[in-house]
Amino acid sequence: MNMNLLTVVLFLPLAGFLAALGLPRSSAEASRRWALAVSLVTFVMSLGLLAGFDRTAGGEQLAWDVPWIASPNIHFAISVNGVSLWLVLLSTLLTPICVLISWRSIRNRAKEFYAFLLLLEFGLIGVFLAQDLFLFYVFWEVSLVPMYFLIGIWGHERRIYAAVKFFLYTMAGSVLMLTAIIYLYNQAHTFSYAAILNQLSSGELRLNAQEQLLLFLAFFVAFAIKVPLFPLHTWLPDAHVEAPVAGSVMLASVMLKMGCYGILHFCLPLFPGAARRCSGWIAVLAIVGIIYGALVAMVQPNMKKLVAYSSVSHLGFVVLGIFSFTQQGMDGAVYQMLNHGISTGALFVFVGLLYERRHSLEISDYGGVATAAPWLSTAFLITTLASIGLPTLNNFVGEFLVLQGTAIAHFQWTVWASLGVIFSACYMLWLYQRVFYGKVGEAVRSHVSDLRAREWAAVVPLLAMMVWMGVYSQTFLPPVGQVTAQIRGMVENVSQRVAQPAREVARVR
Amino acid sequence: MSADIVVTGFIGGDMVRFLPEIVLTVMGTLLMVLDPVLRKRSSSVFGHLSIGALVAGIAGAVLAYSHAGQAFGGMLRVDGFATFFRVVVMGVGILTVLPSYSFLKRQGAETGEFHALLLFSIAGQCLMAAANDLIIIFIGLEISSIASYVLAGYLRDDKRSNEAALKYFLLGSFATAFFLYGVAVVYGCTGSINLTVVHTLLTFGGSAQAVLLGVAAALMFVGLGFKVSAAPFQMWAPDVYQGAPTPVSAFLSAGPKAAAFAVFLRIFMTAFAPIGRAWEPLVWLSALASMTIGNFAALRQTNVKRMLAYSSVAHAGYVLVALTARSETGIAAAMFYLAAYGFMNVGAFAVVSHLSGRGEKRQSIDDMAGLGQSQPLTAAMLSVFLLSLIGVPLTGGFFGKFYIFKAALESHLVWLTVLGLLNSAVAAFYYLRLLVVMYMRDPADASGPVEPLTPAFRVALILPAVGTLFLGIFPSWVLDFAARSAALVK
């Protein structure tokens, strides 16, 4: 039963996608309803994972493993752990929300739009579940295609440029990862992630320091592009600004997490020694990203661009937390991944709702929205406060843990990173002030109406999650902690063993 | 020229092993003879007959494989490898005939000779696939080439088609001469033209004439490099692919290429395998140059056929990477790739042949604008082919690339792998441009509506797309066979 549940959650969106292709082109309504139904059923099914998941056991659970290709031996192996569980739930929660907020804004070629949205959900869930390196790569690329079309077909003016840039950046990174995956296969003769880890820990598979470093970098660059880590972030503002609302939400909330998850789940356990060696400059890049993202966000005249740059800043915290190699830092990083998914997702939803009404993303076109649409403004305020890390709301927990963790490892990192927290308050509150307060313009008064029932349905779950995650993090953190503790253990153990030969190699040279 | 060779060798079980070539040649000749009679009745009967012949040929190839072994005193070698390529080239033939129904009708050029030439060319390629003797290879190469020179110039009143044929003919004969020269040198050095014998001599006979044999390998490399359009012998490809009638371009980009690669693999992995270290750098360079020149030149093209021509240069480079690996995994990877390439590239050209319209006026990338709305099926199928050419997972093109670079890494060709894969990221750009135009631009109104799909053309689109996806989702079916038959020398 449990075994099947994971596959049900994974394949439902795919089945929904295939069926959606058969729907009539003429009726946008039918496609919308179908997509909503499929994504809601998937969400309910994924809640069933919570029941099937043993919170005390830790490790990979609900595994399902069938041979796919005989030679080279590739398995369709999926399972879920304490981190991927929440990321899968995040994907399944946001997909129906994306359907709801696209209800009115997507009129052109609605059938394809919703079909691609379901295909995207399939790819994303697959990325978080895959336990076979090859399968992981397949899902990684499969999720790229629907997002490319979502941006390119339904985006704004410069959509084509943004879509192609997005595709090429990711592709360039992922071919390096593919090289590394094949190289690992040729050494280990298996794609199974668990088997490779076993071989590494038993010493059956040995990678010298240089091999480890190069393989680590090949994986890391692919993931860092997706995160995105400064200076590989330049595709992100374009993609976010040009994408339709649903595209921005899925991109920010879930797709960026593919990179973070990849670093945590693959880079560190596979190449712990190299990860330790590189942690210094990676942390520096993360901090630069935090501060740079925040400063650039501050001067944006465009709301979507502002939120996009704030993502660069927020995800810097995630990377910093991971590379602090402390329990708190890594827990905080995972928590921050989820927080960012909820609160930045919500910000994009609101920006989308404003755009649907006023048809502008420029901050200067707004002002006084609080008078015209009080409920919308209140909901936006809660999200803003969550995003800048107000206690009792979700981001506070994550940021606090990350900063605490880095303080244990390197106090100067904390000092610099906390600047980002301050800046985030500046740009978000200033944005809120300019858009919602002040004089009500004529255009705003006549066009900006308050939330409708369907929009409430999309927004309330996100607001509820912000409060829940801010007040009672114990729901989420214990399973996460088990996974991060295990990864941290690998990094510490193996790095001691690897450090020895690495120094010898250096001496010989 | 081919006829007497075909007739003289009929002895016993040899005939079965030669079955595909017999079927194709007989049907080709019949089509020529019956042309005046049949033309009055129905114009599509030629297509039906040649598809029938090709299906029978594939059945013949399978039957021949059940009697695997040598034929005609070791001149032919019917093994898994030969059967694989015979099926591939005849499959490419079927995929070429299907879109040519509506194409030829539109150009008002439905004759038996088109199909007859196609069948002769394929017969030559089948012969190349099974040949185990340098002279037989040469004969197969000539049968295949001469028929395809004529096919390239098939639209007699079209200037570009004429230019393509002339260019292809002149450069092609020049390249074949190089090949023949190489054959002569091999014979001079070893006293044999049988690949197995040459292999044995080189393995045990030492390397008395190592330099001369290196020269022979280089000469043959030039001849075959031309046929597969590998750099630096790729110059003809863009002009010929652009000028030739589109179904013919589709055929040229897949059929002769697959057969030439079969010969390439057979010669270099059997006869010249013992001197592998000598030719490896040559192929390494050519592989890298083909990928780089092909991909970067394709970036700048505005004509779809020309773009696909440069892309086929790049794809020849990928297959050469597999050859550089000099291993059985490499041979299997090359075989798989060529099968996948047959599906995706012929499919892509089929779409172009449908869109180009009367007199092949519409060939520019911009003419595809809005195809996603006006013809969703055509656009969706072309997307499958393009994604496969890019190498996105779940398509045959992805697995092909994956196996090739896996083989390359096994042979420690790390740099070639990294450069090749980065190349494929560059390639994504120009394939994406087509996707962009089809789905993200509004239809261009000047060019007029695209013709509706005919049933035969529907099959011509769906068949290769299904093949591409099948190879992407269940690759082991084909790969296992390729891996089993990759042991060329036993």
# chains A, B, ... in the order shown; residues from 1 in each chain; ligands from 1

call {"tool": "residues_around", "arguments": {"residues": "stretch 466-468 of chain B", "least_positions_apart": "4", "cutoff": "6 Å", "atoms": "only C-alpha atoms", "output": "list in words"}}
result
Phe343, Thr395, Gly396 and Ile462 of chain B

call {"tool": "write_last_selection", "arguments": {"atoms": "C-alpha atoms", "output": "PDB file, in the first residue's frame"}}
result
ATOM      1  CA  PHE B 343      14.273   8.374 -36.786  1.00  0.00           C
ATOM      2  CA  THR B 395      14.122  10.522 -26.405  1.00  0.00           C
ATOM      3  CA  GLY B 396      16.343   8.277 -28.488  1.00  0.00           C
ATOM      4  CA  ILE B 462       3.959   9.669 -36.224  1.00  0.00           C
TER       5      ILE B 462
END

call {"tool": "residues_around", "arguments": {"residues": "A:Leu89", "least_positions_apart": "5", "cutoff": "8 Å", "atoms": "only C-alpha atoms", "output": "PyMOL selection string"}}
result
chain A and resi 43+46-47

call {"tool": "write_last_selection", "arguments": {"atoms": "N, CA and C atoms", "output": "mmCIF file, in the first residue's frame"}}
result
data_model
loop_
_atom_site.group_PDB
_atom_site.id
_atom_site.type_symbol
_atom_site.label_atom_id
_atom_site.label_comp_id
_atom_site.auth_asym_id
_atom_site.auth_seq_id
_atom_site.Cartn_x
_atom_site.Cartn_y
_atom_site.Cartn_z
ATOM 1 N N PHE A 43 -2.488 16.289 -4.436
ATOM 2 C CA PHE A 43 -2.155 16.877 -3.137
ATOM 3 C C PHE A 43 -2.696 16.009 -2.002
ATOM 4 N N SER A 46 -0.666 13.050 -1.622
ATOM 5 C CA SER A 46 0.642 13.310 -1.026
ATOM 6 C C SER A 46 0.510 13.523 0.476
ATOM 7 N N LEU A 47 -0.673 13.993 0.928
ATOM 8 C CA LEU A 47 -0.878 14.079 2.376
ATOM 9 C C LEU A 47 -0.840 12.683 2.985
#

call {"tool": "interface_residues", "arguments": {"of": "chain B", "to": "chain A", "cutoff": "6 Å", "atoms": "only C-alpha atoms", "output": "VMD selection string"}}
result
chain B and resid 393 406 421 425 440 476

call {"tool": "atom_distance", "arguments": {"atom1": "atom CA of A:Asp331", "atom2": "atom CA of A:Leu217"}}
result
23.4 Å

call {"tool": "residues_around", "arguments": {"residues": "A:Val448", "least_positions_apart": "4", "cutoff": "8 Å", "atoms": "only C-alpha atoms", "output": "number ranges by chain"}}
result
A: 354, 357-358, 369, 372-373, 443-444

call {"tool": "closest_residue", "arguments": {"among": "A:Trp86, A:Phe76, A:Phe350, A:Phe271", "to": "A:Val254", "atoms": "only C-alpha atoms"}}
result
A:Trp86

call {"tool": "select_by_dssp", "arguments": {"residues": "stretch 50-199 of chain B", "states": "alpha helix (DSSP H)", "output": "ChimeraX atom specification"}}
result
/B:50-66,80-107,112-130,134-152,159-190,195-199

call {"tool": "residues_around", "arguments": {"residues": "B:Ile143", "least_positions_apart": "2", "cutoff": "10 Å", "atoms": "only C-alpha atoms", "output": "ChimeraX atom specification"}}
result
/B:1-2,117,120-125,127-128,137-141,145-148

call {"tool": "residues_around", "arguments": {"residues": "A:Val38", "least_positions_apart": "6", "cutoff": "9 Å", "atoms": "only C-alpha atoms", "output": "PDB file with C-alpha atoms, in the first residue's frame"}}
result
ATOM      1  CA  LEU A  12      -0.849  11.030 -11.181  1.00  0.00           C
ATOM      2  CA  PRO A  13       0.348  14.315 -12.704  1.00  0.00           C
ATOM      3  CA  ALA A  15      -1.440  10.598 -16.244  1.00  0.00           C
ATOM      4  CA  GLY A  16      -3.204  13.935 -15.875  1.00  0.00           C
ATOM      5  CA  PRO A  96      -3.364  23.587  -7.466  1.00  0.00           C
ATOM      6  CA  LEU A 118       0.987  19.008 -14.803  1.00  0.00           C
TER       7      LEU A 118
END
